[in-house]
Each structure stands twice: as structure tokens, then as C-alpha cells.
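J.: Starting off with a structure, shown below.
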Amino acid sequence: MVVNKVQEILNQIHSKLADFILKVEITRYGRPIVHLKPEANREAIKCLLEAGENAGLVAITGVDAGSSISLLYHVRVSGKVITLKFNLPKETLGIKTISDFLPGADFHEREVADLLGVIFKDHPNPGRLILPDNWPEGLYPLRKEVDEDKLARILNGRENLYTEEIGSAENRMVKIIIGPQHPALIEPEKFTLEVDGEIVRRVKPHIGYVHRGIEKAAEKRTYLQNIYLLERICGICNACHAACFCQTVEELLGLRVPPRAKYLRTVILELNRIHSHMLLLGHMGLEIGFETFFHYMWRDRETVMDIVEMLTGNRVLASYVTIGGVRRDLNYEMIPKIKEGLENLRSKIPFYREVLEKDPTVKMRTRNVGVLTKENALKLCVVGPVARASGIKMDVRRDEPYAAYDEIPFNVITYDEGDTWARLMVRLEEINESINIIEYALDHLPSGPYGVRAPRVVPEGETIGRVEAPRGELFYYIKSNGTAYPERVKMRTPTFANILSFIKIAEGGGIADVPAIFASLDPCFSCMDR
Amino acid sequence: MALDLNFILRVLLFPGFSFILTLTLICDWIERKIKARMQNRIGPTYTGPAGFLQPLADVIKLLAKEDIIPIGTQAFLFKFSGLFAASIFMFALLFLPVDGASGVFSWSFEGDLILVLSLITLANFFLFLSGWASNNPYSAIGAARILTQFLGYDIPLFLLALAPAFLAGSLSLSEIASSQLIPFAALAPWAFILFMITLQAELEKDPFDIPHAETEIVGGYETEYSGRRLVFLKLAKDAQIILGAALAVELFLGGPYGPVFFGSSAAWYTIWFMLKLIAVIIVTEYMACVFARFRIDQVVAGNWRILLPLSALSLAAALAIDCWFSCAVR
Amino acid sequence: MMKFPMVKAVFACLLRKPFTRRYPEVKPDLPEGFRGKQIFNINLCIGCGLCSRDCPAKAIEMVEVNGKRYPMFHLDRCIFCYQCEESCPRSAIKSSKIFELASTDKLDLVIKPIKEESVKTETRA
């Protein structure tokens, strides 16, 4: 049983780290939180990683709590999330790093260091991650004393926030810079590859080009306005961001969503998934020089956008999910049209499957290219289709069902090869599964209201929410303080977790494989940088 | 050779430079329209009837743009290598019989097949220099790739082009073209198919699209060019496509010769030449649409391991047929 | 023997009509509920200001007209989320199918609460 597994893990921690534990609680929302002393973070994480299967770090959240900063380490063990909470007084903001035994924590720690000023001792590559390189020292945007006017005053005085990279690579290695503006990238980021002939020796990422400070902006808007702000973090997985946020707020409010709304949320989430996967498969075709495949895939994507337009009024940005349910109902006349569109899509999938499996030129470019082994995938804490293509059976819809997924049967697709081809096939098969899910949901749509009224003021509390976005597990943490404005909103997007695997895969491969590997990870930089 | 009016007209107007320039524009339009239809979309539509004037509009637009010479480039090579490449391709085209005789009447001689093939190599070398002379890592990689690719595929091209020469018993293009009662594509189909594949690699089209692979190296050797100089590079590309396709037509498809119904034979020969040229271009475009792009190491491996032995074998087979024919005749 | 599944598909596409929609000659067929330009019915408005309070983009400004408060919509800031339509207790805001809103004059992008203009719906040529 689920609760027993969590209880078992908590007992294990209790027995191993009894001196460092301050409190073990299961909040009124059902989430386990362990309060510990800061010296014990390495031991605690090691203990959790061995406690179950497919264990990995989900996120590290930092919250400014007045005179101290709380660090929450959210760890996923056997499909459930256990939070470890450490309180660091602001005078001594140091804590030991965990990225030597868990490389996937690298970017999380650097981000907290950037935005809140926490120092992680012995971190392997310290340095700015999200903020520009010559951001003024001592100015930590997520702290409560820094408000927008202060930021505007300081930033308006500075002309150029980016330093130039001076210095060349060692001896005969050529530095190839991919980005920020490059035909291979959809969004701007900079990756410096040090290349020896045609082999890539080192990859250095510089991210943060699309950082818009959304976590800070969310603190200044009401919960209702925040839905629209957070939806616009990413264009393609917009319904997932809105759904995750609404789920978390509903948990804080103790609000129960009617069954019809749950099914309709499932429909729009799966439509988002189909859209995103088709977009990526077409983009992948472009990266390997297969323009015709790109055009065919995007021609079929139009069907999905037409369905979304009929359901929500807009082709891409759905604005469909709200706190308490969905915003508009589904007419019965729409159902046959949606089914016709889906049937059209389903008839095209065997053709694409044949192209990806049998076409020799595609095989030559994608098989055994960019292999990510299962062990590395677990250590780098990757999520989504990238993890499923390396053999890890991890899907939030199965592990912690939300919306209507506990009532709808579906398969979790895994492949064992871990190469670029496997990552594409996972996505193609997931399109098939999504079509089945939508048809089941439309056939079994319960009647009733499609939403309930939600109060505007949210009582005090903190909780998390998780949704399986097309690119992987999307994680939200919300802390409310009893007003109409949230105290802290933290989102950990799937691309943020997956981008480290690009560095691991690309080093040692040829430069001609880099765009193919990159596209197969499905990077969405506006999600990553927020 | 006196500079008489006939010579000037043939060089400048027809089948000389004006004809070639117009042909590049027409072939560019056909390529883009066919590619668009194969990808289920409309191609150029708005400029002129069915977008016919789009390539011309592109050239005019480029001529109006600013011509930038970046710092650190080798000035002479950067400025003129595009021009040299374009002019060498067009010079080579003058040796091909378009209307029954070569470009300039007295220019065809025994061995001009070898001259044309060598000129192709020289012009490709200038394309490499145009990338190498730009002070840009993307151009350097693109230039290195074009060198690797065409040096490799030149040898099979020569070997395969010699097969019709043996079958016709002459190394002169006009002789080869005129001695094809049955087109050599029917007599030696293996040589024709291999020649088309090698042509695809020479013309740098998918799947051998690597030197200017957009998504990896921005523009390849064209990255730093703009304005007038980019027009010359584009002209060199288009002229290379026409030259390659025309070679295929002359060597394997019977050149400009075909049934003459009425009137002047030169006009009919031109029409047949153009029809066959367009057919070859459509086939290369079709092959470009169907495949993805190979990696450079796969291209190199494919050349030295597969194509070169096969082209040597095809030459041997053509020799065998030729021997058999001449024995059978005697 | 290698199979090339694209070969037949590409050839078949040559013989088919292109998929491109010929906009602007052919206008698209929009579904009901499409989120286009707002239509504001001033007779139903009670001046509560909920639309302005809830707008995520701060695109609605409450202005005084003849002593009463009415909303003025700034379409250049609007994100067309239609939270205003949901928040309005009297359903005074409705959506339309007008989406061609590009203009060279910023004043075209403001819906003012004036009695005559509020019920006129014009399409831009």
C-alpha cells in the first residue's frame, strides 16, 4: 500500500538520523515533510536515494522566511515525493553540496545560490546560472526586501550585463559556439563546444537568456491572475502549467473538483501532449535534414490545433483550466468532430512509425547516437521521455494520478536502447496512447458541473503539485500566507532537469550528431529559464 | 579565330551567357515548385504567374543589399572566388552541344569531356576557397566538408563518365551525344543510376547536403557573404546544377538529339535538350526530398567503400559491352 | 532489400492538392467561442470594476462617463484570456470572431465605453 511505503521510508530515516531530526510530519494535505538540521543534508539524501527504486532529486526550493531561509529538498522515491526541510539563519548561509554523488543536483544548487544567496560548499562548478554574468553582487532577487522598483533602479543604471568570453581553448581545439542565435535552436541559449577535429571534447552551457523572473512576478499577482501568467511560461505545454498550478492551489484550499472537470482537464492535457510531440518529431526531421518529414508532421499538427481551437477558442494557448475546474463546457456537437480529427491522426501514425523504423537514412542518423545509459539517467535525475527511453519506468500519471488518470487505462511506454531513436519512438507511441486516452475520456464523460467557485483568499499552508507535461515531470511548490497573493511559487520544469544530460551525452560524440541529440531531448528554454 | 558577329552572338546571347542565366532562373523556379508540391505546400506564388518571377526577384533583392567584407578575411579570395567559380561553370557549359553544335562552333575537340570534368573540379575548388577565406569557424567547417566531399566523389564521376565515352568510341561531348541511336541509359543502365547518385553528391543535394547544412553550421561556406557576392555564389550553385544535369543529358540521354518535326532542327534540338534537362532536375529534386542528410563520415565511408569499386566495375562492364558490340559487328 | 517508405508518399503528394490555406484570399472558418475582439454592451454594465481588478494584463481601465464608471479596453495590452467575461456578473462582455486587429494607429486599439460605438461590429478590410 502506498501509505505504508512512505511510512516505511520515514521509519528508515528516523532510525538512521535520529539525532538530526527536528520533526517528522505528514501535512494535512497528505505530504510527508521531515525537518532536519542543516548538517545532515548529505546523509539524509543518501539514505533516501537507497530507500526505494528510481530515486532522484526533483527540486531544491529556497524560501525567504524573514530572518532565515528555508531550503526544501524534494526527493522522489518509488514514485512518491518526500520533502526534507532545512532552516538556515541568514547570518550563516552555508550548506554542503550534494552534487558530488548526485550530479543532477548541480543546476538546482546553482540556481538557489544565484537567486537567494545560499552558499553550497565544495560545489564542483560554482558560478552564475540564471542571472547574467556581471549582475551586481549581493542583490538576490527572490529575497523579500528586493522589490521591483529597487531592481529597476539598479538595473537601469547599467548598460551591458553580459561579459565577453576572452581566452581560447587549449592548443588545437576549435571553439564552436551554438547560440544564442542559431538555426538549430528554437530559443536562445549559448553552448560552447570545444571540438578536436570532429569530436566534441567539452560542452559548456550558459543559460539564462530567457529568464523573465516569473517566480518573483507571481508573488505580486492574485491567484486568479497567476494562472494566466504561469500559462505563458511555455507556449506548448501551457495547459500543463495551468493545470499544475490549479491543482496545487485546490489542494491548499481543500477544494474538490467535479468529475466532469477532471475528464475535461484530461482531454486538454492530452491534446497538449499530442501537439508537443508532433512538433518535436517534425523539428527532429529538420535537424537531420529531412525537410519532407518536417512538413508532413506539421501538416498533421494542424488537425490538433483545430481541435484545440474548437474546444477552447484559441489554437495554442488554451486558457482552459481554472481554479475549481475548467472554464467552458464541451458541447455534444463537438464530440464527433473531435473524434473525426483524432481518427485522421491515428491513421497517419503507422506511416510515421514505418518511416522512423525502416527508413535507412533516418536509421543511420539516429540509431546508437547519443546513448544515455540507465545508470547515468538515474544519477542525472532526468525525467520524461528521456528517462523512459533509457528504460526507467517513471510517469506521474501512473505514480501519483491527478485529473482523471486513475480511472482511464493507458500504457507507460519504455524503450531500453537509450539512444536518439528510442527517444523518438517513445514520443511517437505516446501520441498513440494519448489518442486512446482522449477517446476513452470522451466516451465516458460524466455529467454534472464543469467547475466550482473558488474563494479568492487562500488559507496559510504549503504544498506541492506534479503533472506529467509532454517533456517530463512538472513540479510546483506553493506557499500561501492567508492573503489573496501567494507567498512563494516555485516551479521546476522538466527541461531544467534534462539539460544536464545533454552535456553528458554530447561529450565524446561527433559534432554532426550534436543537433540531433539536442533536438531529441526536446529542450524548451522558456520553460527552463522562467 | 576572328571576332566576328556570329561568335559574339553565340557567346553572349545563345547558347551563351544570357541563355545560361535565364536557364538558371527557370530551373530554380522548377526546383522550388516541385519541391513544394512534394511537401504538400504551394511554392512561390505571388511574384508573376505562379511565382515564375520569384528567382529573378530574389536576385534583384540581393543586388540591392549591402555588401559587407568582414575584418580578417583574405581580401582577394573573398572578393573574387565566387566570381571565379561562377564563371568557370558557365565557361564549361559552352562546350556542351545545346542546339546540335557546341557553344562556339569551333570549340568542340576530341577530349573536351576531360576538359569539362576538370573545370568542374577547379570550380568546386574555388567554392572551397570562398569558405576558407572567410574568417568564420562555420565557414571553415563548411569549406573543409565541401573539399572532403567533392574530392571523394570526383573520381567515381570521372570513371562513370568514361563509360559512355568507351561506348561511343570518342572523348568529345558532341560525338558522344550524336552517336546515341539508343540512349546509353538503356544500354548501360547501371552506369546511369550510379552517375545520378554521384551527381547528387557533386551537386550537394540531400542526402549529400552536408556542406551547407543549415541546422549545424548556419550557412557553411556562404555564411559571411551578402549582397552582390552572394549572388555570384548562388549563380555558381545554379550553374553547377545545370552543368551536372546537362552532362547527364549529353552522356546518357542522347543529348539534344531527338525527332525533328518541322522547321529548323536547331530549335527542336534546343527544345529536346531543355525537356531532358528539366526531367533530370526533377529526378534529382525528388531524390533530395525523399532522404534525410548523411553525416560526413558516412559520406566518406560510402564513397571509398561502395561507390568507387562499383564505378570501376561499371567501367569494366561498359568496356565488355563495347568489345562485344565491335566483335559482333565485325 | 532496403525499404524506403517515403518514396511512395512523396510521389503521392505530387498528385495531391497542396494543404496550404490561401489566406488572405480565403478567410478561415472560425468555430463558435473563438476568442477575438471584445464586444462590450454598455447597457448591461453596472460599473462594479471586477473586470478591471481581475485582468492579468491590466488592460482594462475604469473611466468616468457621465458620472458613472465604465471600463475602457486597451487591446494592445490585452492577452485575450477573457477572464473579464468570466468575472462580469452581468455578462456585459462577449467575444467575437474579429481577429484582424493590426493597425498603424494606437487609438484604433482602444474600445471606449461610448453608447453608439459599443454595439457596432466592423471588420477591418
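Chain identifiers are assigned as A, B, and so on, following the order in which chains appear in the C-alpha cells; residues are numbered from 1 within each chain, and ligands are numbered from 1 in order of appearance.
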Show me, as a list in words, every residue of chain A with an atom at most 8 Å from chain B, counting only C-alpha atoms.
T.: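 Residues satisfying the distance criterion: Ile176, His182, Pro183, Ala184, Gly285, Leu286, Glu287, Ile288, Gly289, Phe290, Glu291, Thr292, His295, Tyr296, Thr361, Val362, Met364, Arg365, Ala512 and Pro515 of chain A.
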J.: Got a sec: who's within 8 Å of region 316-327 of chain A, counting only C-alpha atoms, leaving out chain neighbours fewer than 3 positions off, as a ChimeraX atom specification?
T.: /A:224,227-228,231-232,235-236,238-239,242-243,246-247,249-250,255-258,261-262,264-265,268,305,308-309,312-313,450-454 /C:81
J.: Could you write those residues out with N, CA and C atoms, as a short mmCIF file (atom, residue, chain, number, x, y, z; two decimals), in the first residue's frame?
T.:
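Final file, again-v9.cif:
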data_model
loop_
_atom_site.label_atom_id
_atom_site.label_comp_id
_atom_site.auth_asym_id
_atom_site.auth_seq_id
_atom_site.Cartn_x
_atom_site.Cartn_y
_atom_site.Cartn_z
N LEU A 224 -5.78 34.17 -9.20
CA LEU A 224 -6.51 34.07 -10.47
C LEU A 224 -5.68 34.64 -11.61
N ILE A 227 -2.76 32.35 -12.91
CA ILE A 227 -2.97 31.26 -13.87
C ILE A 227 -2.52 31.71 -15.25
N TYR A 228 -2.88 32.95 -15.61
CA TYR A 228 -2.56 33.40 -16.96
C TYR A 228 -1.08 33.70 -17.10
N GLU A 231 0.70 30.30 -17.32
CA GLU A 231 0.41 29.61 -18.57
C GLU A 231 1.38 30.03 -19.64
N ARG A 232 1.85 31.29 -19.53
CA ARG A 232 2.69 31.81 -20.59
C ARG A 232 4.17 31.57 -20.34
N GLY A 235 4.86 28.06 -24.39
CA GLY A 235 3.73 28.06 -25.30
C GLY A 235 3.13 26.70 -25.52
N ILE A 236 4.00 25.68 -25.54
CA ILE A 236 3.50 24.39 -25.97
C ILE A 236 2.89 23.59 -24.84
N ASN A 238 1.36 24.81 -22.21
CA ASN A 238 0.71 25.81 -21.39
C ASN A 238 -0.37 25.22 -20.51
N ALA A 239 -1.13 24.26 -21.01
CA ALA A 239 -2.21 23.70 -20.19
C ALA A 239 -1.63 22.96 -18.99
N ALA A 242 -0.81 25.49 -16.22
CA ALA A 242 -2.04 25.97 -15.60
C ALA A 242 -2.65 24.88 -14.73
N ALA A 243 -2.65 23.64 -15.25
CA ALA A 243 -3.28 22.55 -14.50
C ALA A 243 -2.51 22.27 -13.21
N CYS A 246 -3.23 25.06 -10.72
CA CYS A 246 -4.59 24.99 -10.18
C CYS A 246 -4.73 23.82 -9.23
N GLN A 247 -4.10 22.68 -9.58
CA GLN A 247 -4.16 21.53 -8.68
C GLN A 247 -3.59 21.85 -7.32
N VAL A 249 -3.17 24.80 -5.88
CA VAL A 249 -3.99 25.76 -5.13
C VAL A 249 -5.24 25.08 -4.60
N GLU A 250 -5.81 24.16 -5.39
CA GLU A 250 -7.00 23.46 -4.92
C GLU A 250 -6.68 22.59 -3.71
N LEU A 255 -10.29 22.11 -1.98
CA LEU A 255 -11.42 22.16 -2.91
C LEU A 255 -11.48 20.88 -3.72
N ARG A 256 -12.68 20.34 -3.88
CA ARG A 256 -12.79 19.13 -4.68
C ARG A 256 -13.36 19.48 -6.03
N VAL A 257 -12.66 19.04 -7.07
CA VAL A 257 -13.05 19.38 -8.44
C VAL A 257 -14.08 18.36 -8.92
N PRO A 258 -15.17 18.81 -9.57
CA PRO A 258 -16.19 17.85 -10.03
C PRO A 258 -15.63 16.89 -11.08
N ALA A 261 -15.14 18.02 -14.75
CA ALA A 261 -13.99 18.90 -14.96
C ALA A 261 -12.69 18.11 -15.02
N LYS A 262 -12.61 17.05 -14.23
CA LYS A 262 -11.39 16.23 -14.26
C LYS A 262 -11.21 15.60 -15.63
N LEU A 264 -12.44 16.68 -18.46
CA LEU A 264 -12.14 17.69 -19.48
C LEU A 264 -10.70 18.17 -19.35
N ARG A 265 -10.20 18.23 -18.12
CA ARG A 265 -8.79 18.59 -17.95
C ARG A 265 -7.90 17.55 -18.60
N ILE A 268 -7.73 18.17 -22.39
CA ILE A 268 -6.86 19.23 -22.87
C ILE A 268 -5.40 18.92 -22.60
N MET A 305 -4.40 21.46 -33.68
CA MET A 305 -4.66 22.86 -33.34
C MET A 305 -6.09 23.24 -33.65
N VAL A 308 -8.13 22.02 -30.72
CA VAL A 308 -7.97 22.87 -29.54
C VAL A 308 -8.73 24.18 -29.73
N GLU A 309 -8.72 24.70 -30.97
CA GLU A 309 -9.43 25.95 -31.21
C GLU A 309 -10.92 25.77 -31.01
N THR A 312 -11.35 25.40 -27.03
CA THR A 312 -11.03 26.47 -26.10
C THR A 312 -11.09 27.87 -26.69
N GLY A 313 -11.16 28.02 -28.00
CA GLY A 313 -11.22 29.36 -28.57
C GLY A 313 -9.89 29.88 -29.09
N TYR A 450 -19.08 21.83 -14.53
CA TYR A 450 -17.71 21.77 -15.05
C TYR A 450 -16.76 22.64 -14.24
N GLY A 451 -17.22 23.11 -13.08
CA GLY A 451 -16.33 23.88 -12.22
C GLY A 451 -17.06 24.31 -10.97
N VAL A 452 -16.30 24.61 -9.93
CA VAL A 452 -16.90 25.16 -8.71
C VAL A 452 -16.27 26.52 -8.45
N ARG A 453 -16.98 27.36 -7.73
CA ARG A 453 -16.42 28.67 -7.41
C ARG A 453 -15.33 28.50 -6.37
N ALA A 454 -14.24 29.19 -6.57
CA ALA A 454 -13.13 29.10 -5.64
C ALA A 454 -13.02 30.40 -4.86
N CYS C 81 -7.54 36.60 -22.75
CA CYS C 81 -7.81 35.44 -21.92
C CYS C 81 -9.28 35.35 -21.55
#
J.: Counting only C-alpha atoms, which residues from chain C have an atom at most 6 Å from any atom of chain B, and could you show them as a PyMOL selection string?
T.: chain C and resi 6+10+13-14+18-20
J.: Quick one: write out the picked residues with C-alpha atoms as a PDB file, in the first residue's frame?
T.:
ATOM      1  CA  MET C   6       8.920   7.933 -48.162  1.00  0.00           C
ATOM      2  CA  VAL C  10       6.296  11.825 -51.778  1.00  0.00           C
ATOM      3  CA  CYS C  13       1.846  14.108 -52.620  1.00  0.00           C
ATOM      4  CA  LEU C  14       2.865  15.437 -56.012  1.00  0.00           C
ATOM      5  CA  PRO C  18      -1.459  21.488 -51.538  1.00  0.00           C
ATOM      6  CA  PHE C  19      -2.540  21.697 -47.908  1.00  0.00           C
ATOM      7  CA  THR C  20      -1.840  25.401 -47.572  1.00  0.00           C
TER       8      THR C  20
END
J.: For chain A, work out the contacting residues on chain C at 12 Å, counting only C-alpha atoms, and write them as a VMD selection string.
T.: chain C and resid 1 to 11 13 18 to 21 28 to 37 51 to 58 78 to 87 95 to 97 99
J.: May I have the residues within 7 Å of region 391-404 of chain A as JSON, numbers by chain, using only C-alpha atoms and disregarding those fewer than 3 positions away in the same chain?
T.: {"A": [79, 262, 263, 265, 266, 374, 387, 388, 407, 408, 414, 415, 416, 467, 468, 473]}
